[in-house]
>>> print(open('upload.cif').read())   # mmCIF, C-alpha atoms and all ligand atoms
data_start
#
loop_
_atom_site.label_atom_id
_atom_site.label_comp_id
_atom_site.auth_asym_id
_atom_site.auth_seq_id
_atom_site.Cartn_x
_atom_site.Cartn_y
_atom_site.Cartn_z
CA MET A 1 -40.85 -57.50 2.18
CA LYS A 2 -41.66 -60.56 4.31
CA ASN A 3 -44.38 -60.22 6.95
CA HIS A 4 -42.14 -61.28 9.84
CA LEU A 5 -38.61 -60.31 10.90
CA LEU A 6 -37.06 -63.59 12.05
CA ALA A 7 -33.60 -63.53 10.44
CA LEU A 8 -31.74 -61.11 8.16
CA GLU A 9 -31.28 -63.67 5.39
CA ASP A 10 -35.02 -63.35 4.61
CA PHE A 11 -34.48 -59.85 3.20
CA SER A 12 -32.85 -58.17 0.23
CA ARG A 13 -30.11 -55.59 0.31
CA GLU A 14 -32.61 -52.90 -0.73
CA GLU A 15 -35.02 -53.85 2.06
CA LEU A 16 -32.38 -53.73 4.80
CA ARG A 17 -31.00 -50.46 3.48
CA ALA A 18 -34.51 -48.99 3.38
CA LEU A 19 -35.05 -49.86 7.06
CA ILE A 20 -31.70 -48.34 8.04
CA ASP A 21 -32.26 -45.20 5.93
CA ARG A 22 -35.68 -44.76 7.47
CA ALA A 23 -34.24 -45.15 10.98
CA LEU A 24 -31.66 -42.46 10.22
CA GLN A 25 -34.45 -40.19 9.00
CA LEU A 26 -36.60 -40.85 12.08
CA LYS A 27 -33.58 -40.11 14.28
CA ALA A 28 -32.98 -36.78 12.51
CA GLU A 29 -36.66 -35.86 12.73
CA ARG A 30 -36.75 -36.61 16.46
CA SER A 31 -33.71 -34.41 17.04
CA GLN A 32 -35.55 -31.60 15.21
CA GLY A 33 -38.43 -31.98 17.67
CA MET A 34 -40.82 -33.58 15.21
CA ARG A 35 -43.62 -35.67 16.76
CA HIS A 36 -44.74 -38.93 15.17
CA GLN A 37 -48.17 -40.49 15.43
CA GLN A 38 -48.20 -43.02 12.58
CA LEU A 39 -48.85 -45.97 14.94
CA SER A 40 -51.56 -44.21 16.95
CA GLY A 41 -54.26 -46.72 17.86
CA ARG A 42 -51.86 -49.67 17.36
CA THR A 43 -50.53 -51.98 20.08
CA ILE A 44 -47.64 -54.43 20.27
CA CYS A 45 -46.98 -57.28 22.70
CA LEU A 46 -43.45 -57.93 23.89
CA LEU A 47 -43.21 -61.61 24.79
CA PHE A 48 -39.88 -62.17 26.55
CA GLU A 49 -38.41 -65.39 27.89
CA LYS A 50 -34.94 -63.96 28.65
CA PRO A 51 -33.85 -60.80 30.49
CA SER A 52 -33.47 -57.50 28.63
CA THR A 53 -32.72 -53.86 29.34
CA ARG A 54 -32.08 -52.24 25.96
CA THR A 55 -34.26 -54.27 23.63
CA ARG A 56 -37.30 -54.12 25.86
CA VAL A 57 -37.13 -50.42 26.65
CA SER A 58 -36.06 -49.33 23.16
CA PHE A 59 -38.96 -51.25 21.58
CA GLU A 60 -41.31 -49.72 24.15
CA ALA A 61 -39.92 -46.21 23.63
CA ALA A 62 -40.03 -46.71 19.84
CA MET A 63 -43.69 -47.71 19.93
CA PHE A 64 -44.64 -44.86 22.27
CA GLY A 65 -42.60 -42.47 20.10
CA LEU A 66 -44.76 -43.41 17.11
CA GLY A 67 -47.99 -42.87 19.05
CA GLY A 68 -48.65 -46.56 19.79
CA GLN A 69 -49.14 -48.67 22.91
CA VAL A 70 -47.22 -51.62 24.40
CA THR A 71 -48.04 -54.59 26.56
CA PHE A 72 -45.19 -56.64 28.06
CA MET A 73 -45.46 -60.29 29.05
CA SER A 74 -42.72 -62.48 30.43
CA THR A 75 -43.16 -66.08 29.30
CA ARG A 76 -42.78 -67.29 32.87
CA GLU A 77 -45.80 -65.31 34.00
CA SER A 78 -47.94 -66.27 31.00
CA GLN A 79 -49.79 -69.51 30.32
CA LEU A 80 -46.90 -70.45 28.00
CA GLY A 81 -44.97 -71.09 31.22
CA ARG A 82 -47.64 -73.65 32.15
CA GLY A 83 -47.56 -75.41 28.82
CA GLU A 84 -50.08 -73.58 26.60
CA PRO A 85 -49.06 -74.29 22.99
CA LEU A 86 -47.30 -71.62 20.96
CA LYS A 87 -49.83 -72.01 18.16
CA ASP A 88 -52.70 -71.08 20.49
CA THR A 89 -50.75 -68.19 21.98
CA ALA A 90 -49.93 -66.82 18.52
CA ARG A 91 -53.56 -66.90 17.39
CA VAL A 92 -54.90 -65.37 20.60
CA LEU A 93 -52.35 -62.53 20.72
CA SER A 94 -53.10 -61.80 17.05
CA ARG A 95 -56.66 -60.92 18.07
CA TYR A 96 -55.39 -58.24 20.48
CA VAL A 97 -52.25 -56.66 19.07
CA ASP A 98 -50.70 -55.50 15.80
CA ALA A 99 -47.29 -57.18 16.21
CA ILE A 100 -45.55 -59.62 18.57
CA VAL A 101 -41.93 -58.94 19.53
CA VAL A 102 -40.34 -62.09 20.91
CA ARG A 103 -37.16 -62.84 22.89
CA THR A 104 -36.66 -66.53 23.50
CA PHE A 105 -34.25 -69.47 23.27
CA GLY A 106 -35.01 -71.47 20.13
CA GLN A 107 -35.31 -70.01 16.65
CA ASP A 108 -38.02 -72.66 16.18
CA VAL A 109 -40.14 -70.77 18.74
CA VAL A 110 -40.21 -67.53 16.72
CA GLU A 111 -40.75 -69.57 13.56
CA GLU A 112 -43.73 -71.39 15.05
CA LEU A 113 -45.24 -68.18 16.41
CA ALA A 114 -44.87 -66.64 12.94
CA ARG A 115 -46.50 -69.65 11.31
CA TYR A 116 -49.66 -69.22 13.39
CA ALA A 117 -49.77 -65.46 14.00
CA ALA A 118 -51.93 -63.23 11.83
CA VAL A 119 -49.72 -60.25 12.75
CA PRO A 120 -45.96 -59.69 12.27
CA VAL A 121 -43.58 -61.54 14.58
CA ILE A 122 -40.28 -59.78 15.27
CA ASN A 123 -37.26 -61.63 16.61
CA ALA A 124 -35.83 -59.68 19.55
CA LEU A 125 -33.10 -62.34 20.13
CA THR A 126 -32.91 -66.08 20.02
CA ASP A 127 -29.98 -68.41 20.63
CA LEU A 128 -29.38 -68.36 16.86
CA HIS A 129 -29.96 -64.73 15.83
CA HIS A 130 -30.22 -61.13 17.01
CA PRO A 131 -31.32 -59.45 13.77
CA CYS A 132 -32.72 -56.19 15.18
CA GLN A 133 -29.47 -55.60 17.09
CA VAL A 134 -27.32 -56.10 14.00
CA LEU A 135 -29.55 -53.68 12.08
CA SER A 136 -28.88 -51.00 14.71
CA ASP A 137 -25.18 -51.85 14.61
CA LEU A 138 -25.16 -51.43 10.84
CA MET A 139 -27.05 -48.18 11.19
CA THR A 140 -24.29 -46.99 13.53
CA VAL A 141 -21.58 -48.00 11.06
CA ILE A 142 -23.36 -46.29 8.15
CA GLU A 143 -24.07 -43.18 10.22
CA LYS A 144 -20.45 -42.79 11.27
CA LYS A 145 -18.40 -44.28 8.46
CA GLY A 146 -20.64 -44.97 5.47
CA GLY A 147 -20.11 -48.29 3.79
CA PRO A 148 -19.90 -51.02 5.03
CA GLU A 149 -18.87 -52.28 1.58
CA ASN A 150 -15.51 -50.50 1.75
CA LEU A 151 -14.76 -51.20 5.37
CA LYS A 152 -13.05 -54.09 7.07
CA THR A 153 -15.52 -55.34 9.68
CA VAL A 154 -14.32 -57.78 12.30
CA TRP A 155 -16.06 -59.96 14.88
CA ILE A 156 -13.94 -61.11 17.83
CA GLY A 157 -15.08 -63.74 20.32
CA ASP A 158 -17.89 -66.23 20.46
CA GLY A 159 -19.55 -67.39 17.24
CA ASN A 160 -22.92 -66.69 18.83
CA ASN A 161 -26.33 -65.28 17.85
CA MET A 162 -24.80 -61.86 17.13
CA ALA A 163 -22.04 -63.37 14.99
CA ASN A 164 -24.62 -65.38 13.03
CA SER A 165 -26.69 -62.27 12.32
CA TRP A 166 -23.58 -60.35 11.29
CA ILE A 167 -22.73 -63.17 8.87
CA GLU A 168 -26.19 -62.98 7.33
CA ALA A 169 -25.94 -59.19 7.12
CA ALA A 170 -22.60 -59.51 5.29
CA ALA A 171 -24.17 -61.85 2.75
CA VAL A 172 -27.25 -59.69 2.17
CA LEU A 173 -25.48 -56.31 2.04
CA ASP A 174 -22.43 -57.89 0.40
CA PHE A 175 -19.62 -56.58 2.57
CA PRO A 176 -16.48 -58.41 3.72
CA LEU A 177 -16.51 -59.86 7.25
CA THR A 178 -13.69 -61.39 9.27
CA LEU A 179 -14.33 -63.38 12.44
CA ALA A 180 -11.90 -64.62 15.08
CA CYS A 181 -13.37 -67.32 17.32
CA PRO A 182 -11.67 -69.88 19.57
CA SER A 183 -11.59 -73.43 18.27
CA GLY A 184 -14.95 -75.08 18.96
CA PHE A 185 -16.73 -71.73 19.36
CA GLY A 186 -17.18 -70.80 15.71
CA PRO A 187 -20.42 -69.54 14.17
CA ASP A 188 -23.24 -71.79 12.97
CA GLN A 189 -21.77 -73.76 10.06
CA ALA A 190 -24.97 -73.91 8.01
CA ILE A 191 -25.48 -70.14 8.30
CA LEU A 192 -21.86 -69.59 7.32
CA GLU A 193 -22.04 -71.81 4.23
CA LYS A 194 -25.33 -70.32 3.06
CA ALA A 195 -24.00 -66.79 3.51
CA ARG A 196 -20.83 -67.56 1.61
CA SER A 197 -22.83 -68.88 -1.32
CA ARG A 198 -25.12 -65.83 -1.35
CA GLY A 199 -22.62 -62.98 -1.01
CA SER A 200 -19.68 -62.22 -3.27
CA ARG A 201 -17.36 -60.77 -0.60
CA PRO A 202 -15.24 -62.98 1.68
CA ILE A 203 -16.54 -64.14 5.06
CA LEU A 204 -13.41 -65.39 6.81
CA VAL A 205 -13.17 -67.27 10.09
CA PHE A 206 -9.81 -67.21 11.91
CA GLU A 207 -8.76 -68.45 15.29
CA ASP A 208 -6.12 -65.76 15.76
CA PRO A 209 -7.64 -62.41 16.85
CA VAL A 210 -4.38 -60.56 16.09
CA GLU A 211 -4.52 -61.70 12.48
CA ALA A 212 -8.23 -60.94 12.21
CA ILE A 213 -8.07 -57.40 13.60
CA ARG A 214 -5.25 -56.22 11.34
CA ASP A 215 -6.28 -52.93 9.61
CA ALA A 216 -9.90 -53.31 10.76
CA ASP A 217 -12.28 -50.34 10.46
CA VAL A 218 -15.09 -51.77 12.57
CA ILE A 219 -14.63 -54.14 15.52
CA ASN A 220 -17.47 -56.00 17.22
CA VAL A 221 -17.32 -57.80 20.54
CA ASP A 222 -19.93 -59.45 22.73
CA VAL A 223 -20.07 -61.42 25.97
CA TRP A 224 -18.26 -64.76 26.06
CA ALA A 225 -21.19 -66.57 27.69
CA SER A 226 -24.60 -65.65 26.32
CA MET A 227 -27.90 -65.89 28.15
CA GLY A 228 -28.58 -69.55 28.77
CA GLN A 229 -24.85 -70.43 28.91
CA GLU A 230 -24.30 -69.40 32.53
CA LYS A 231 -23.05 -72.87 33.50
CA GLU A 232 -20.26 -72.60 30.88
CA GLN A 233 -19.12 -69.20 32.14
CA ALA A 234 -15.97 -70.38 33.98
CA GLU A 235 -14.80 -72.66 31.17
CA ARG A 236 -15.44 -69.99 28.57
CA LEU A 237 -13.45 -67.44 30.61
CA ARG A 238 -10.46 -69.77 30.28
CA GLN A 239 -10.94 -70.49 26.58
CA PHE A 240 -11.50 -66.88 25.51
CA GLN A 241 -8.67 -65.12 27.44
CA SER A 242 -6.70 -64.12 24.32
CA TYR A 243 -9.83 -62.71 22.67
CA GLN A 244 -10.16 -59.77 25.05
CA LEU A 245 -10.43 -56.45 23.22
CA ASN A 246 -7.79 -54.45 25.09
CA SER A 247 -5.60 -51.59 23.90
CA THR A 248 -2.85 -53.99 22.74
CA LEU A 249 -5.20 -55.95 20.47
CA LEU A 250 -6.97 -52.77 19.33
CA ALA A 251 -3.61 -51.30 18.25
CA GLY A 252 -3.59 -53.76 15.34
CA ALA A 253 -6.68 -52.10 13.84
CA ARG A 254 -6.76 -48.82 11.96
CA ASP A 255 -6.21 -45.75 14.16
CA ASN A 256 -9.76 -44.56 13.58
CA ALA A 257 -11.33 -48.01 13.92
CA MET A 258 -14.70 -48.03 15.60
CA VAL A 259 -15.53 -50.34 18.52
CA LEU A 260 -19.03 -51.80 18.82
CA HIS A 261 -20.51 -53.88 21.64
CA CYS A 262 -24.21 -54.69 21.76
CA LEU A 263 -24.08 -54.63 25.58
CA PRO A 264 -24.35 -55.70 28.34
CA ALA A 265 -20.53 -55.65 28.64
CA HIS A 266 -18.41 -57.58 31.08
CA ARG A 267 -15.51 -55.23 31.72
CA GLY A 268 -12.25 -57.11 32.17
CA GLU A 269 -13.55 -60.07 30.15
CA GLU A 270 -14.35 -59.50 26.47
CA ILE A 271 -13.46 -55.79 26.65
CA THR A 272 -11.40 -53.62 28.98
CA GLU A 273 -12.75 -50.55 30.72
CA GLU A 274 -10.13 -48.52 28.84
CA VAL A 275 -11.40 -49.59 25.41
CA LEU A 276 -15.08 -49.45 26.34
CA GLU A 277 -14.74 -45.89 27.64
CA GLY A 278 -12.09 -44.90 25.08
CA PRO A 279 -12.34 -42.56 22.09
CA GLN A 280 -12.91 -45.35 19.57
CA SER A 281 -15.97 -46.72 21.37
CA VAL A 282 -19.36 -45.77 19.90
CA ILE A 283 -21.19 -48.17 22.18
CA PHE A 284 -23.72 -45.75 23.64
CA ASP A 285 -24.61 -44.26 20.23
CA GLN A 286 -25.06 -47.86 19.10
CA ALA A 287 -27.39 -48.50 22.06
CA GLU A 288 -29.38 -45.35 21.22
CA ASN A 289 -29.77 -46.45 17.62
CA LYS A 290 -31.68 -49.53 18.76
CA MET A 291 -34.64 -47.26 19.45
CA HIS A 292 -34.46 -45.60 16.03
CA ILE A 293 -34.16 -48.86 14.11
CA HIS A 294 -36.99 -50.34 16.17
CA LYS A 295 -39.17 -47.40 15.12
CA ALA A 296 -38.39 -48.11 11.47
CA ILE A 297 -39.09 -51.81 11.99
CA LEU A 298 -42.41 -51.26 13.80
CA GLU A 299 -43.53 -48.62 11.33
CA HIS A 300 -42.80 -50.87 8.39
CA PHE A 301 -44.04 -54.20 9.72
CA ILE A 302 -47.22 -52.74 11.26
CA ALA A 303 -48.09 -49.98 8.83
CA GLY A 304 -46.26 -51.12 5.69
CA ALA A 305 -44.22 -47.94 5.49
CA ILE A 306 -41.59 -49.33 3.10
CA GLN A 307 -42.69 -50.89 -0.19
N1 LIG B 401 -28.16 -55.55 23.29
C1 LIG B 401 -29.27 -56.09 23.86
O1 LIG B 401 -30.05 -56.82 23.22
O2 LIG B 401 -29.41 -55.76 25.17
P1 LIG B 401 -30.54 -56.29 26.17
O3 LIG B 401 -30.24 -57.74 26.44
O4 LIG B 401 -30.42 -55.40 27.36
O5 LIG B 401 -31.88 -56.14 25.48
N1 LIG B 402 -24.97 -62.89 22.78
C1 LIG B 402 -25.67 -62.19 23.86
C2 LIG B 402 -26.30 -60.95 23.35
C3 LIG B 402 -26.97 -60.12 24.41
C4 LIG B 402 -27.68 -58.93 23.87
C5 LIG B 402 -26.69 -63.12 24.49
O1 LIG B 402 -27.39 -63.84 23.75
O2 LIG B 402 -26.80 -63.13 25.72
#
>>> encode(input="upload.cif", output="structure tokens")
Amino acid sequence: MKNHLLALEDFSREELRALIDRALQLKAERSQGMRHQQLSGRTICLLFEKPSTRTRVSFEAAMFGLGGQVTFMSTRESQLGRGEPLKDTARVLSRYVDAIVVRTFGQDVVEELARYAAVPVINALTDLHHPCQVLSDLMTVIEKKGGPENLKTVWIGDGNNMANSWIEAAAVLDFPLTLACPSGFGPDQAILEKARSRGSRPILVFEDPVEAIRDADVINVDVWASMGQEKEQAERLRQFQSYQLNSTLLAGARDNAMVLHCLPAHRGEEITEEVLEGPQSVIFDQAENKMHIHKAILEHFIAGAIQ
């Protein structure tokens, strides 16, 4: 496996499945009361330039749950905020910690950190990708429905970082994916084309959410304005109105279709309260699974647990 986790396209089907299988095993072991210590004596640095609730705390809890230690640094409060180069930061942090978990804007930032770091760099969200999140989403799908090869998985809304990582996941794990995005808000075209040439199953992009959701087994939604797009919020609210996952739209999916949302959710915008709190929502199990997949990721990238 690669030394860094920057984007899902860098991995094979077997590697992603191994991480998910290991996360499911770690989850089962935790529920049996088993204690883990495999990262005892190891430390990670979380280097975050954007806000976070789930990713920060689930990485911290994952590291503590494996016996390790965590230091958190917001970019603003570090010397990076005063212009220290990424390449110096990467080399210095590598002398102190066993992995660097980064949340930032540009994918080029995580790439540059990885180029200079002597320890693994893990992408905890950029404008282009959210690979760890999509791994926990896939874990949730596999845990509850198996697949995803035999499922119809749908993305409704913005063609954002989450959509891009779902597209890469579909190509690597070779499952069909259908997206519905408003005109002008589609996923990254280069990622889409590369994914289509790698995978054998269709990756379809529609504008019509009603057409996209028909007979879906798994439905994903996310905020309409991502972090960093706050100024576009009002315009996006107008453009995305017909993409709200409400009970009328959800009725077009299979009766037992599963609703995923990486959170935070904006009730009344991309999803209604009724759907979010409804029987088809697995959103809080999905949030829990972030911690289990982060354990598998840290264990592997720090201690080489998966060959
Ligand atoms: N889903 C997710 O990444 O949430 P946070 O922004 O709270 O980390
Ligand atoms: N697309 C969202 C995901 C938040 C976890 C964002 O980037 O803000």
>>> residues_around(input="upload.cif", residues="Pro148 in chain A", least_positions_apart="6", cutoff="12 Å", atoms="all atoms listed in the file", output="list in words")
Arg17, Asp137, Leu138, Met139, Thr140, Val141, Ile142, Val154, Trp166, Ala169, Ala170, Ala171, Val172, Leu173, Asp174, Phe175, Pro176, Leu177, Arg201, Ala216, Asp217 and Val218 of chain A
>>> residues_near_ligand(input="upload.cif", ligand="ligand LIG 401 (chain B)", cutoff="10 Å", atoms="only C-alpha atoms and all ligand atoms", output="VMD selection string")
chain A and resid 50 to 59 103 124 to 125 130 to 134 136 to 137 162 222 226 to 227 261 to 265 286 to 287 290
>>> closest_atom_pairs(input="upload.cif", of="range 186-268 of chain A", to="range 3-15 of chain A", cutoff="10 Å", atoms="all atoms listed in the file", output="JSON lines")
{"residue": "A:Ile191", "atom": "CA", "partner": "A:Glu9", "partner_atom": "CA", "distance": 9.2}
{"residue": "A:Lys194", "atom": "CA", "partner": "A:Glu9", "partner_atom": "CA", "distance": 9.2}
{"residue": "A:Ala195", "atom": "CA", "partner": "A:Glu9", "partner_atom": "CA", "distance": 8.1}
{"residue": "A:Arg198", "atom": "CA", "partner": "A:Glu9", "partner_atom": "CA", "distance": 9.4}
>>> atom_distance(input="upload.cif", atom1="CA of Ser183 in chain A", atom2="CA of Ala234 in chain A")
16.6 Å
>>> closest_residue(input="upload.cif", among="A:Ile271, A:Leu151, A:Ala163, A:Ile213", to="ligand LIG 402 (chain B)", atoms="all atoms listed in the file")
A:Ala163
>>> residues_around(input="upload.cif", residues="Gly67 in chain A", least_positions_apart="3", cutoff="10 Å", atoms="only C-alpha atoms", output="NGL selection string")
:A and (35-43 or 61-64)
>>> write_last_selection(input="upload.cif", atoms="C-alpha atoms", output="short mmCIF file (atom, residue, chain, number, x, y, z; two decimals), keeping the file's coordinate frame")
data_model
loop_
_atom_site.label_atom_id
_atom_site.label_comp_id
_atom_site.auth_asym_id
_atom_site.auth_seq_id
_atom_site.Cartn_x
_atom_site.Cartn_y
_atom_site.Cartn_z
CA ARG A 35 -43.62 -35.67 16.76
CA HIS A 36 -44.74 -38.93 15.17
CA GLN A 37 -48.17 -40.49 15.43
CA GLN A 38 -48.20 -43.02 12.58
CA LEU A 39 -48.85 -45.97 14.94
CA SER A 40 -51.56 -44.21 16.95
CA GLY A 41 -54.26 -46.72 17.86
CA ARG A 42 -51.86 -49.67 17.36
CA THR A 43 -50.53 -51.98 20.08
CA ALA A 61 -39.92 -46.21 23.63
CA ALA A 62 -40.03 -46.71 19.84
CA MET A 63 -43.69 -47.71 19.93
CA PHE A 64 -44.64 -44.86 22.27
#
>>> build_atoms(input="upload.cif", residues="range 64-74 of chain A", atoms="all heavy atoms", output="PDB file, in the coordinates of the input")
ATOM      1  N   PHE A  64     -44.023 -46.069  21.703  1.00  0.00           N
ATOM      2  CA  PHE A  64     -44.640 -44.860  22.270  1.00  0.00           C
ATOM      3  C   PHE A  64     -44.300 -43.643  21.409  1.00  0.00           C
ATOM      4  O   PHE A  64     -45.139 -42.773  21.184  1.00  0.00           O
ATOM      5  CB  PHE A  64     -44.157 -44.626  23.722  1.00  0.00           C
ATOM      6  CG  PHE A  64     -44.634 -45.672  24.703  1.00  0.00           C
ATOM      7  CD1 PHE A  64     -43.771 -46.206  25.654  1.00  0.00           C
ATOM      8  CD2 PHE A  64     -45.950 -46.135  24.684  1.00  0.00           C
ATOM      9  CE1 PHE A  64     -44.203 -47.169  26.575  1.00  0.00           C
ATOM     10  CE2 PHE A  64     -46.398 -47.095  25.601  1.00  0.00           C
ATOM     11  CZ  PHE A  64     -45.520 -47.606  26.535  1.00  0.00           C
ATOM     12  N   GLY A  65     -43.052 -43.607  20.924  1.00  0.00           N
ATOM     13  CA  GLY A  65     -42.600 -42.470  20.100  1.00  0.00           C
ATOM     14  C   GLY A  65     -43.317 -42.375  18.768  1.00  0.00           C
ATOM     15  O   GLY A  65     -43.260 -41.335  18.101  1.00  0.00           O
ATOM     16  N   LEU A  66     -43.977 -43.437  18.356  1.00  0.00           N
ATOM     17  CA  LEU A  66     -44.760 -43.410  17.110  1.00  0.00           C
ATOM     18  C   LEU A  66     -46.259 -43.321  17.417  1.00  0.00           C
ATOM     19  O   LEU A  66     -47.097 -43.529  16.538  1.00  0.00           O
ATOM     20  CB  LEU A  66     -44.454 -44.651  16.259  1.00  0.00           C
ATOM     21  CG  LEU A  66     -43.007 -44.775  15.762  1.00  0.00           C
ATOM     22  CD1 LEU A  66     -42.802 -46.068  14.979  1.00  0.00           C
ATOM     23  CD2 LEU A  66     -42.622 -43.589  14.878  1.00  0.00           C
ATOM     24  N   GLY A  67     -46.578 -43.069  18.682  1.00  0.00           N
ATOM     25  CA  GLY A  67     -47.990 -42.870  19.050  1.00  0.00           C
ATOM     26  C   GLY A  67     -48.717 -44.136  19.438  1.00  0.00           C
ATOM     27  O   GLY A  67     -49.930 -44.102  19.674  1.00  0.00           O
ATOM     28  N   GLY A  68     -47.999 -45.279  19.513  1.00  0.00           N
ATOM     29  CA  GLY A  68     -48.650 -46.560  19.790  1.00  0.00           C
ATOM     30  C   GLY A  68     -48.569 -46.955  21.261  1.00  0.00           C
ATOM     31  O   GLY A  68     -48.061 -46.212  22.109  1.00  0.00           O
ATOM     32  N   GLN A  69     -49.067 -48.140  21.550  1.00  0.00           N
ATOM     33  CA  GLN A  69     -49.140 -48.670  22.910  1.00  0.00           C
ATOM     34  C   GLN A  69     -48.405 -50.008  22.987  1.00  0.00           C
ATOM     35  O   GLN A  69     -48.265 -50.702  21.973  1.00  0.00           O
ATOM     36  CB  GLN A  69     -50.602 -48.918  23.303  1.00  0.00           C
ATOM     37  CG  GLN A  69     -51.498 -47.699  23.211  1.00  0.00           C
ATOM     38  CD  GLN A  69     -51.192 -46.676  24.292  1.00  0.00           C
ATOM     39  OE1 GLN A  69     -50.895 -47.045  25.422  1.00  0.00           O
ATOM     40  NE2 GLN A  69     -51.238 -45.405  23.934  1.00  0.00           N
ATOM     41  N   VAL A  70     -48.005 -50.388  24.203  1.00  0.00           N
ATOM     42  CA  VAL A  70     -47.220 -51.620  24.400  1.00  0.00           C
ATOM     43  C   VAL A  70     -47.771 -52.409  25.571  1.00  0.00           C
ATOM     44  O   VAL A  70     -48.117 -51.834  26.600  1.00  0.00           O
ATOM     45  CB  VAL A  70     -45.735 -51.279  24.722  1.00  0.00           C
ATOM     46  CG1 VAL A  70     -44.924 -52.551  24.913  1.00  0.00           C
ATOM     47  CG2 VAL A  70     -45.122 -50.413  23.646  1.00  0.00           C
ATOM     48  N   THR A  71     -47.818 -53.739  25.399  1.00  0.00           N
ATOM     49  CA  THR A  71     -48.040 -54.590  26.560  1.00  0.00           C
ATOM     50  C   THR A  71     -46.873 -55.562  26.651  1.00  0.00           C
ATOM     51  O   THR A  71     -46.412 -56.086  25.633  1.00  0.00           O
ATOM     52  CB  THR A  71     -49.400 -55.305  26.505  1.00  0.00           C
ATOM     53  OG1 THR A  71     -49.522 -56.170  27.621  1.00  0.00           O
ATOM     54  CG2 THR A  71     -49.585 -56.109  25.243  1.00  0.00           C
ATOM     55  N   PHE A  72     -46.357 -55.760  27.859  1.00  0.00           N
ATOM     56  CA  PHE A  72     -45.190 -56.640  28.060  1.00  0.00           C
ATOM     57  C   PHE A  72     -45.624 -57.897  28.812  1.00  0.00           C
ATOM     58  O   PHE A  72     -46.393 -57.823  29.769  1.00  0.00           O
ATOM     59  CB  PHE A  72     -44.111 -55.920  28.881  1.00  0.00           C
ATOM     60  CG  PHE A  72     -42.911 -56.795  29.138  1.00  0.00           C
ATOM     61  CD1 PHE A  72     -41.878 -56.867  28.220  1.00  0.00           C
ATOM     62  CD2 PHE A  72     -42.824 -57.569  30.293  1.00  0.00           C
ATOM     63  CE1 PHE A  72     -40.783 -57.700  28.445  1.00  0.00           C
ATOM     64  CE2 PHE A  72     -41.730 -58.404  30.522  1.00  0.00           C
ATOM     65  CZ  PHE A  72     -40.713 -58.460  29.593  1.00  0.00           C
ATOM     66  N   MET A  73     -45.138 -59.035  28.352  1.00  0.00           N
ATOM     67  CA  MET A  73     -45.460 -60.290  29.050  1.00  0.00           C
ATOM     68  C   MET A  73     -44.207 -61.156  29.123  1.00  0.00           C
ATOM     69  O   MET A  73     -43.580 -61.435  28.091  1.00  0.00           O
ATOM     70  CB  MET A  73     -46.552 -61.027  28.261  1.00  0.00           C
ATOM     71  CG  MET A  73     -47.080 -62.242  28.968  1.00  0.00           C
ATOM     72  SD  MET A  73     -48.694 -62.715  28.344  1.00  0.00           S
ATOM     73  CE  MET A  73     -48.278 -63.414  26.755  1.00  0.00           C
ATOM     74  N   SER A  74     -43.836 -61.541  30.328  1.00  0.00           N
ATOM     75  CA  SER A  74     -42.720 -62.480  30.430  1.00  0.00           C
ATOM     76  C   SER A  74     -43.307 -63.892  30.303  1.00  0.00           C
ATOM     77  O   SER A  74     -44.371 -64.172  30.863  1.00  0.00           O
ATOM     78  CB  SER A  74     -41.961 -62.285  31.737  1.00  0.00           C
ATOM     79  OG  SER A  74     -42.327 -63.252  32.659  1.00  0.00           O
TER      80      SER A  74
END
